[in-house]
Amino acid sequence: MSPIRMQVKVGRGLVLRNPVLTASGTFGYGLEFEPFCDLAALGGIVVKGISPRPRAGNPPPRLVETPCGMLNAIGLQNVGVERFRTEKLPLLREHGATVVVNVYGHEVADYVAVVRALEEETGIAAFELNLSCPNVKEGGLEIGRSPRAIREVTAAVREVTSRPLWVKLTPAVTDIVETAEAAVSGGADALSLINTFPGMVVDVETRRPVLHRGTGGLSGPAIRPLAVALVHRVARAVDVPVIGIGGITSVRDVVEFLLVGATAVQVGTANFHDPALAARLVRELDAWCEARGVADVRELVGALEENR
Ligand SMILES: Cc1cc2nc3c(=O)[nH]c(=O)nc-3n(C[C@H](O)[C@H](O)[C@H](O)COP(=O)(O)O)c2cc1C
């Protein structure tokens with residue numbers, strides 16, 4: 001047993017066994033990664049965005065590699081809330097995973113419907129509202145860009161759940177503090193940031209966009225410094241926990257997010273090339289702390305020394 005205290009609190013008294021989670025859409029429903037990774041060893045698994053009905057997503061090509069990153073336009077393919085409830089959740093419970101359900105909808109009623117359908121289930125630690133997906137024509141990003149709409153969706157979901165409610169923000173706004181404050185005023189217990197940046201790749205021979213949908217969301221190491229700066233800003237502006245996401249591939253990246261004020265982090269794109277990474281980062285964070293005399297991982301949160 002390591003002597004390092006790794007637990008963190010992320011809203012409404014929810015205690016995670018450590019601050020390393022996996023990010024929505026990059027770890028399936030968790031079950032796909034079970035052969036590579038002890039799901040119960042992670043701080044949590046944020047499952048693929050769940051909508052009221054199943055979605056097939058966008059036509060291919062839906063993924064393209066970019067320098068230090070990846071562009072995706074999956075279009076929120078998922079099994080829908082009913083199959084998630086009856087097929088996926090019972091297995092996740094058996095594995096002892098800490099499950100965060102990422103919720104997606106086109107309008108307020110969709111978010112409410114998904115959360116309502118799952119509220120009575122056991123084995124869900126928190127809901128995370130995806131108000132930020134750039135890959136569907138309507139809904140997500142429009143909601144995610146409007147402080148008024150963010151407040152409205154968050155407040156409507158707050159009414160129907162007693163669980164911790166996390167709101168995931170898009171970086172594609174002029175002032176992320178405005179959208180962060182809107183989520184908190186609507187009742188968010190924690191904020192997850194960031195989702196992907198809108199991007200585009202063009203095939204110069206065909207003169208067409210590579211992705212069928214034209215544009216997609218940029219993720220991976222290319223966005224990490226952008227994400228770190230946004231987490232740093234938001235963590236100083238709000239008094240709820242912030243969960244840092246964007247381009248994490250190493251334990252140094254995890255610590256970087258904690259230092260600028262994230263209470264926990266989510267590992268995304270990196271899971272695709274190393275499905276065992278998230279579980280290894282938990283062990284490496286423990287070792288990193290031990291080697292530096294950090295007895296409690298919470299000592300790192302917001303411990304950045306600002307330059308004067
Ligand atoms: C293929 C793919 C699918 C994604 N699907 C979702 C999703 O369903 N809901 C969501 O909130 N974010 C989704 N995201 C965004 C990630 O959770 C994460 O916020 C983003 O990729 C930045 O982290 P990263 O650079 O570590 O990947 C997806 C990202 C990728 C690459």
# chains A, B, ... in the order shown; residues from 1 in each chain; ligands from 1
$ residues_around --residues "A:Ala222" --least-positions-apart "5" --cutoff "12 Å" --atoms "only C-alpha atoms" --output "PyMOL selection string"
chain A and resi 65-71+196-197+199+217+227-228+246-249+269-270
$ residues_near_ligand --ligand "ligand 1" --cutoff "6 Å" --atoms "only C-alpha atoms and all ligand atoms" --output "PyMOL selection string"
chain A and resi 23-26+48-49+72+76+130+194-196+219-220+245-248+267-269
$ write_last_selection --atoms "N, CA, C and O atoms" --output "PDB file, in the first residue's frame"
ATOM      1  N   ALA A  23     -11.573  10.220 -20.520  1.00  0.00           N
ATOM      2  CA  ALA A  23     -12.470  11.225 -21.080  1.00  0.00           C
ATOM      3  C   ALA A  23     -13.522  10.591 -21.995  1.00  0.00           C
ATOM      4  O   ALA A  23     -13.266   9.601 -22.688  1.00  0.00           O
ATOM      5  N   SER A  24     -14.683  11.204 -22.013  1.00  0.00           N
ATOM      6  CA  SER A  24     -15.802  10.693 -22.811  1.00  0.00           C
ATOM      7  C   SER A  24     -15.436  10.565 -24.295  1.00  0.00           C
ATOM      8  O   SER A  24     -14.787  11.438 -24.873  1.00  0.00           O
ATOM      9  N   GLY A  25     -15.860   9.446 -24.882  1.00  0.00           N
ATOM     10  CA  GLY A  25     -15.680   9.234 -26.316  1.00  0.00           C
ATOM     11  C   GLY A  25     -14.341   8.632 -26.676  1.00  0.00           C
ATOM     12  O   GLY A  25     -14.111   8.278 -27.834  1.00  0.00           O
ATOM     13  N   THR A  26     -13.451   8.509 -25.681  1.00  0.00           N
ATOM     14  CA  THR A  26     -12.111   7.981 -25.965  1.00  0.00           C
ATOM     15  C   THR A  26     -11.856   6.676 -25.229  1.00  0.00           C
ATOM     16  O   THR A  26     -10.759   6.123 -25.287  1.00  0.00           O
ATOM     17  N   LYS A  48     -18.961   7.262 -23.094  1.00  0.00           N
ATOM     18  CA  LYS A  48     -19.357   7.964 -24.325  1.00  0.00           C
ATOM     19  C   LYS A  48     -20.675   8.709 -24.091  1.00  0.00           C
ATOM     20  O   LYS A  48     -21.552   8.206 -23.387  1.00  0.00           O
ATOM     21  N   GLY A  49     -20.831   9.880 -24.709  1.00  0.00           N
ATOM     22  CA  GLY A  49     -22.037  10.680 -24.548  1.00  0.00           C
ATOM     23  C   GLY A  49     -23.310   9.880 -24.853  1.00  0.00           C
ATOM     24  O   GLY A  49     -23.397   9.265 -25.915  1.00  0.00           O
ATOM     25  N   ASN A  72     -11.650  14.705 -35.058  1.00  0.00           N
ATOM     26  CA  ASN A  72     -12.732  13.714 -35.154  1.00  0.00           C
ATOM     27  C   ASN A  72     -14.062  14.375 -35.390  1.00  0.00           C
ATOM     28  O   ASN A  72     -14.314  15.500 -34.946  1.00  0.00           O
ATOM     29  N   LEU A  76     -21.322  11.748 -32.151  1.00  0.00           N
ATOM     30  CA  LEU A  76     -22.026  11.237 -30.973  1.00  0.00           C
ATOM     31  C   LEU A  76     -22.758   9.935 -31.190  1.00  0.00           C
ATOM     32  O   LEU A  76     -23.879   9.735 -30.728  1.00  0.00           O
ATOM     33  N   ASN A 130     -22.477  17.217 -21.685  1.00  0.00           N
ATOM     34  CA  ASN A 130     -21.679  17.674 -22.814  1.00  0.00           C
ATOM     35  C   ASN A 130     -22.432  18.802 -23.500  1.00  0.00           C
ATOM     36  O   ASN A 130     -23.340  18.578 -24.289  1.00  0.00           O
ATOM     37  N   ILE A 194     -11.133  20.878 -21.215  1.00  0.00           N
ATOM     38  CA  ILE A 194     -11.962  21.362 -22.311  1.00  0.00           C
ATOM     39  C   ILE A 194     -12.409  20.209 -23.225  1.00  0.00           C
ATOM     40  O   ILE A 194     -11.825  19.140 -23.209  1.00  0.00           O
ATOM     41  N   ASN A 195     -13.420  20.516 -24.037  1.00  0.00           N
ATOM     42  CA  ASN A 195     -13.743  19.648 -25.167  1.00  0.00           C
ATOM     43  C   ASN A 195     -12.801  20.033 -26.324  1.00  0.00           C
ATOM     44  O   ASN A 195     -11.899  20.842 -26.153  1.00  0.00           O
ATOM     45  N   THR A 196     -13.022  19.457 -27.475  1.00  0.00           N
ATOM     46  CA  THR A 196     -12.121  19.685 -28.613  1.00  0.00           C
ATOM     47  C   THR A 196     -12.289  21.094 -29.207  1.00  0.00           C
ATOM     48  O   THR A 196     -13.324  21.734 -29.021  1.00  0.00           O
ATOM     49  N   SER A 219      -8.091  17.313 -30.954  1.00  0.00           N
ATOM     50  CA  SER A 219      -7.724  16.847 -29.613  1.00  0.00           C
ATOM     51  C   SER A 219      -6.275  16.380 -29.633  1.00  0.00           C
ATOM     52  O   SER A 219      -5.637  16.362 -30.691  1.00  0.00           O
ATOM     53  N   GLY A 220      -5.766  15.980 -28.469  1.00  0.00           N
ATOM     54  CA  GLY A 220      -4.398  15.458 -28.386  1.00  0.00           C
ATOM     55  C   GLY A 220      -3.413  16.510 -27.905  1.00  0.00           C
ATOM     56  O   GLY A 220      -3.794  17.647 -27.582  1.00  0.00           O
ATOM     57  N   ILE A 245      -8.812  18.669 -18.917  1.00  0.00           N
ATOM     58  CA  ILE A 245      -8.797  17.712 -20.038  1.00  0.00           C
ATOM     59  C   ILE A 245      -8.103  18.358 -21.223  1.00  0.00           C
ATOM     60  O   ILE A 245      -8.404  19.520 -21.557  1.00  0.00           O
ATOM     61  N   GLY A 246      -7.263  17.617 -21.912  1.00  0.00           N
ATOM     62  CA  GLY A 246      -6.675  18.122 -23.142  1.00  0.00           C
ATOM     63  C   GLY A 246      -5.241  17.683 -23.321  1.00  0.00           C
ATOM     64  O   GLY A 246      -4.331  18.235 -22.694  1.00  0.00           O
ATOM     65  N   GLY A 247      -5.042  16.652 -24.141  1.00  0.00           N
ATOM     66  CA  GLY A 247      -3.693  16.293 -24.566  1.00  0.00           C
ATOM     67  C   GLY A 247      -2.821  15.628 -23.535  1.00  0.00           C
ATOM     68  O   GLY A 247      -1.596  15.606 -23.695  1.00  0.00           O
ATOM     69  N   ILE A 248      -3.398  15.060 -22.502  1.00  0.00           N
ATOM     70  CA  ILE A 248      -2.568  14.419 -21.471  1.00  0.00           C
ATOM     71  C   ILE A 248      -1.983  13.114 -22.008  1.00  0.00           C
ATOM     72  O   ILE A 248      -2.716  12.257 -22.510  1.00  0.00           O
ATOM     73  N   VAL A 267      -8.038  11.673 -19.228  1.00  0.00           N
ATOM     74  CA  VAL A 267      -7.134  11.296 -20.321  1.00  0.00           C
ATOM     75  C   VAL A 267      -7.999  10.913 -21.516  1.00  0.00           C
ATOM     76  O   VAL A 267      -8.893  10.071 -21.386  1.00  0.00           O
ATOM     77  N   GLY A 268      -7.734  11.513 -22.690  1.00  0.00           N
ATOM     78  CA  GLY A 268      -8.592  11.292 -23.850  1.00  0.00           C
ATOM     79  C   GLY A 268      -7.905  10.558 -24.979  1.00  0.00           C
ATOM     80  O   GLY A 268      -7.664   9.344 -24.916  1.00  0.00           O
ATOM     81  N   THR A 269      -7.531  11.312 -26.022  1.00  0.00           N
ATOM     82  CA  THR A 269      -6.975  10.744 -27.257  1.00  0.00           C
ATOM     83  C   THR A 269      -5.847   9.734 -27.013  1.00  0.00           C
ATOM     84  O   THR A 269      -5.721   8.756 -27.739  1.00  0.00           O
TER      85      THR A 269
END
$ atom_distance --atom1 "atom CA of A:Ile4" --atom2 "atom CA of A:Asp296"
5.7 Å
$ closest_residue --among "A:Val160, A:Leu42, A:Val238, A:Val20" --to "A:Asp253" --atoms "only C-alpha atoms"
A:Val20
$ closest_residue --among "A:Val81, A:Val294, A:Ile223, A:Val251" --to "A:Ala278" --atoms "only C-alpha atoms"
A:Val251
$ atom_distance --atom1 "atom CA of A:Pro164" --atom2 "atom CA of A:Ile243"
13.2 Å
$ select_by_dssp --residues "stretch 135-301 of chain A" --states "alpha helix (DSSP H)" --output "PyMOL selection string"
chain A and resi 140-145+147-160+176-185+224-237+251-259+270-273+277-291
$ residues_around --residues "A:Gly44" --least-positions-apart "5" --cutoff "7 Å" --atoms "only C-alpha atoms" --output "PyMOL selection string"
chain A and resi 20-22+97-100
$ select_by_dssp --residues "stretch 224-299 of chain A" --states "strand (DSSP E or B)" --output "list in words"
Val242, Ile243, Gly244, Ile245, Ala262, Thr263, Ala264, Val265, Gln266, Val267 and Asp296 of chain A
$ residues_around --residues "stretch 32-35 of chain A" --least-positions-apart "2" --cutoff "12 Å" --atoms "only C-alpha atoms" --output "PyMOL selection string"
chain A and resi 22+25-30+37-42+45+47-48+88+91-92+94-97+271-279
$ atom_distance --atom1 "atom CA of A:Arg236" --atom2 "atom CA of A:Leu304"
11.5 Å
$ closest_residue --among "A:Pro61, A:Gly187, A:Gly144, A:Gly302" --to "A:Ala235" --atoms "only C-alpha atoms"
A:Gly302
$ closest_residue --among "A:Leu31, A:Ala188, A:Ile74, A:Val202" --to "A:Pro90" --atoms "only C-alpha atoms"
A:Leu31
$ closest_residue --among "A:Ala303, A:Val10, A:Asn18, A:Asp175" --to "A:Leu258" --atoms "only C-alpha atoms"
A:Ala303
$ residues_around --residues "A:Asp203" --least-positions-apart "5" --cutoff "12 Å" --atoms "only C-alpha atoms" --output "list in words"
Val64, Arg208, Pro209, Val210, Leu211, His212 and Gly214 of chain A
$ decode --residues "stretch 11-40 of chain A" --atoms "N, CA, C and O atoms" --output "compact mmCIF listing (two decimals), in the first residue's frame"
# COMPACT_ATOMS: atom_id res chain seq x y z
N GLY A 11 -17.22 17.56 -6.17
CA GLY A 11 -18.61 17.99 -6.17
C GLY A 11 -19.54 17.15 -5.32
O GLY A 11 -19.51 15.93 -5.39
N ARG A 12 -20.36 17.81 -4.46
CA ARG A 12 -21.36 17.15 -3.62
C ARG A 12 -20.78 16.03 -2.79
O ARG A 12 -21.40 14.96 -2.65
N GLY A 13 -19.58 16.18 -2.33
CA GLY A 13 -18.97 15.16 -1.46
C GLY A 13 -18.53 13.91 -2.19
O GLY A 13 -18.13 12.93 -1.55
N LEU A 14 -18.58 13.90 -3.53
CA LEU A 14 -18.12 12.72 -4.27
C LEU A 14 -16.60 12.56 -4.12
O LEU A 14 -15.84 13.45 -4.49
N VAL A 15 -16.19 11.43 -3.56
CA VAL A 15 -14.76 11.18 -3.38
C VAL A 15 -14.30 10.19 -4.45
O VAL A 15 -14.83 9.08 -4.55
N LEU A 16 -13.35 10.59 -5.27
CA LEU A 16 -12.76 9.69 -6.26
C LEU A 16 -11.50 9.07 -5.66
O LEU A 16 -10.78 9.74 -4.92
N ARG A 17 -11.22 7.82 -6.00
CA ARG A 17 -10.07 7.16 -5.36
C ARG A 17 -8.75 7.76 -5.81
O ARG A 17 -7.74 7.65 -5.12
N ASN A 18 -8.74 8.45 -6.92
CA ASN A 18 -7.55 9.20 -7.36
C ASN A 18 -8.02 10.17 -8.44
O ASN A 18 -9.15 10.08 -8.92
N PRO A 19 -7.15 11.11 -8.85
CA PRO A 19 -7.62 12.17 -9.76
C PRO A 19 -7.53 11.84 -11.26
O PRO A 19 -7.72 12.74 -12.06
N VAL A 20 -7.27 10.58 -11.63
CA VAL A 20 -7.10 10.27 -13.06
C VAL A 20 -8.32 9.52 -13.61
O VAL A 20 -8.56 8.36 -13.25
N LEU A 21 -9.05 10.21 -14.49
CA LEU A 21 -10.22 9.59 -15.14
C LEU A 21 -9.94 9.45 -16.63
O LEU A 21 -8.94 9.98 -17.13
N THR A 22 -10.84 8.76 -17.33
CA THR A 22 -10.74 8.72 -18.79
C THR A 22 -11.85 9.59 -19.37
O THR A 22 -12.95 9.69 -18.80
N ALA A 23 -11.57 10.22 -20.52
CA ALA A 23 -12.47 11.23 -21.08
C ALA A 23 -13.52 10.59 -22.00
O ALA A 23 -13.27 9.60 -22.69
N SER A 24 -14.68 11.20 -22.01
CA SER A 24 -15.80 10.69 -22.81
C SER A 24 -15.44 10.57 -24.30
O SER A 24 -14.79 11.44 -24.87
N GLY A 25 -15.86 9.45 -24.88
CA GLY A 25 -15.68 9.23 -26.32
C GLY A 25 -14.34 8.63 -26.68
O GLY A 25 -14.11 8.28 -27.83
N THR A 26 -13.45 8.51 -25.68
CA THR A 26 -12.11 7.98 -25.96
C THR A 26 -11.86 6.68 -25.23
O THR A 26 -10.76 6.12 -25.29
N PHE A 27 -12.87 6.17 -24.54
CA PHE A 27 -12.69 4.98 -23.71
C PHE A 27 -13.94 4.11 -23.81
O PHE A 27 -14.25 3.33 -22.93
N GLY A 28 -14.69 4.29 -24.92
CA GLY A 28 -15.91 3.52 -25.15
C GLY A 28 -16.85 3.62 -23.97
O GLY A 28 -17.06 4.70 -23.39
N TYR A 29 -17.42 2.47 -23.60
CA TYR A 29 -18.23 2.38 -22.38
C TYR A 29 -17.36 1.82 -21.25
O TYR A 29 -17.87 1.28 -20.28
N GLY A 30 -16.05 1.90 -21.43
CA GLY A 30 -15.11 1.39 -20.42
C GLY A 30 -14.85 -0.09 -20.63
O GLY A 30 -13.70 -0.54 -20.56
N LEU A 31 -15.88 -0.84 -20.95
CA LEU A 31 -15.79 -2.30 -21.00
C LEU A 31 -14.79 -2.76 -22.07
O LEU A 31 -14.08 -3.75 -21.90
N GLU A 32 -14.70 -2.01 -23.18
CA GLU A 32 -13.79 -2.35 -24.28
C GLU A 32 -12.33 -2.32 -23.80
O GLU A 32 -11.46 -2.95 -24.40
N PHE A 33 -12.06 -1.54 -22.74
CA PHE A 33 -10.68 -1.36 -22.27
C PHE A 33 -10.33 -2.28 -21.11
O PHE A 33 -9.19 -2.31 -20.66
N GLU A 34 -11.30 -3.05 -20.67
CA GLU A 34 -11.11 -3.90 -19.48
C GLU A 34 -9.95 -4.89 -19.64
O GLU A 34 -9.20 -5.13 -18.67
N PRO A 35 -9.70 -5.45 -20.85
CA PRO A 35 -8.57 -6.36 -20.98
C PRO A 35 -7.20 -5.70 -20.76
O PRO A 35 -6.21 -6.37 -20.49
N PHE A 36 -7.15 -4.37 -20.88
CA PHE A 36 -5.85 -3.67 -20.81
C PHE A 36 -5.66 -2.92 -19.50
O PHE A 36 -4.57 -2.44 -19.21
N CYS A 37 -6.75 -2.76 -18.76
CA CYS A 37 -6.73 -1.74 -17.72
C CYS A 37 -7.70 -2.15 -16.62
O CYS A 37 -8.86 -2.48 -16.92
N ASP A 38 -7.25 -2.16 -15.36
CA ASP A 38 -8.17 -2.45 -14.25
C ASP A 38 -9.07 -1.24 -14.06
O ASP A 38 -8.64 -0.19 -13.56
N LEU A 39 -10.33 -1.40 -14.46
CA LEU A 39 -11.24 -0.25 -14.46
C LEU A 39 -11.42 0.32 -13.05
O LEU A 39 -11.57 1.53 -12.87
N ALA A 40 -11.37 -0.56 -12.06
CA ALA A 40 -11.58 -0.12 -10.68
C ALA A 40 -10.39 0.66 -10.13
O ALA A 40 -10.49 1.32 -9.10
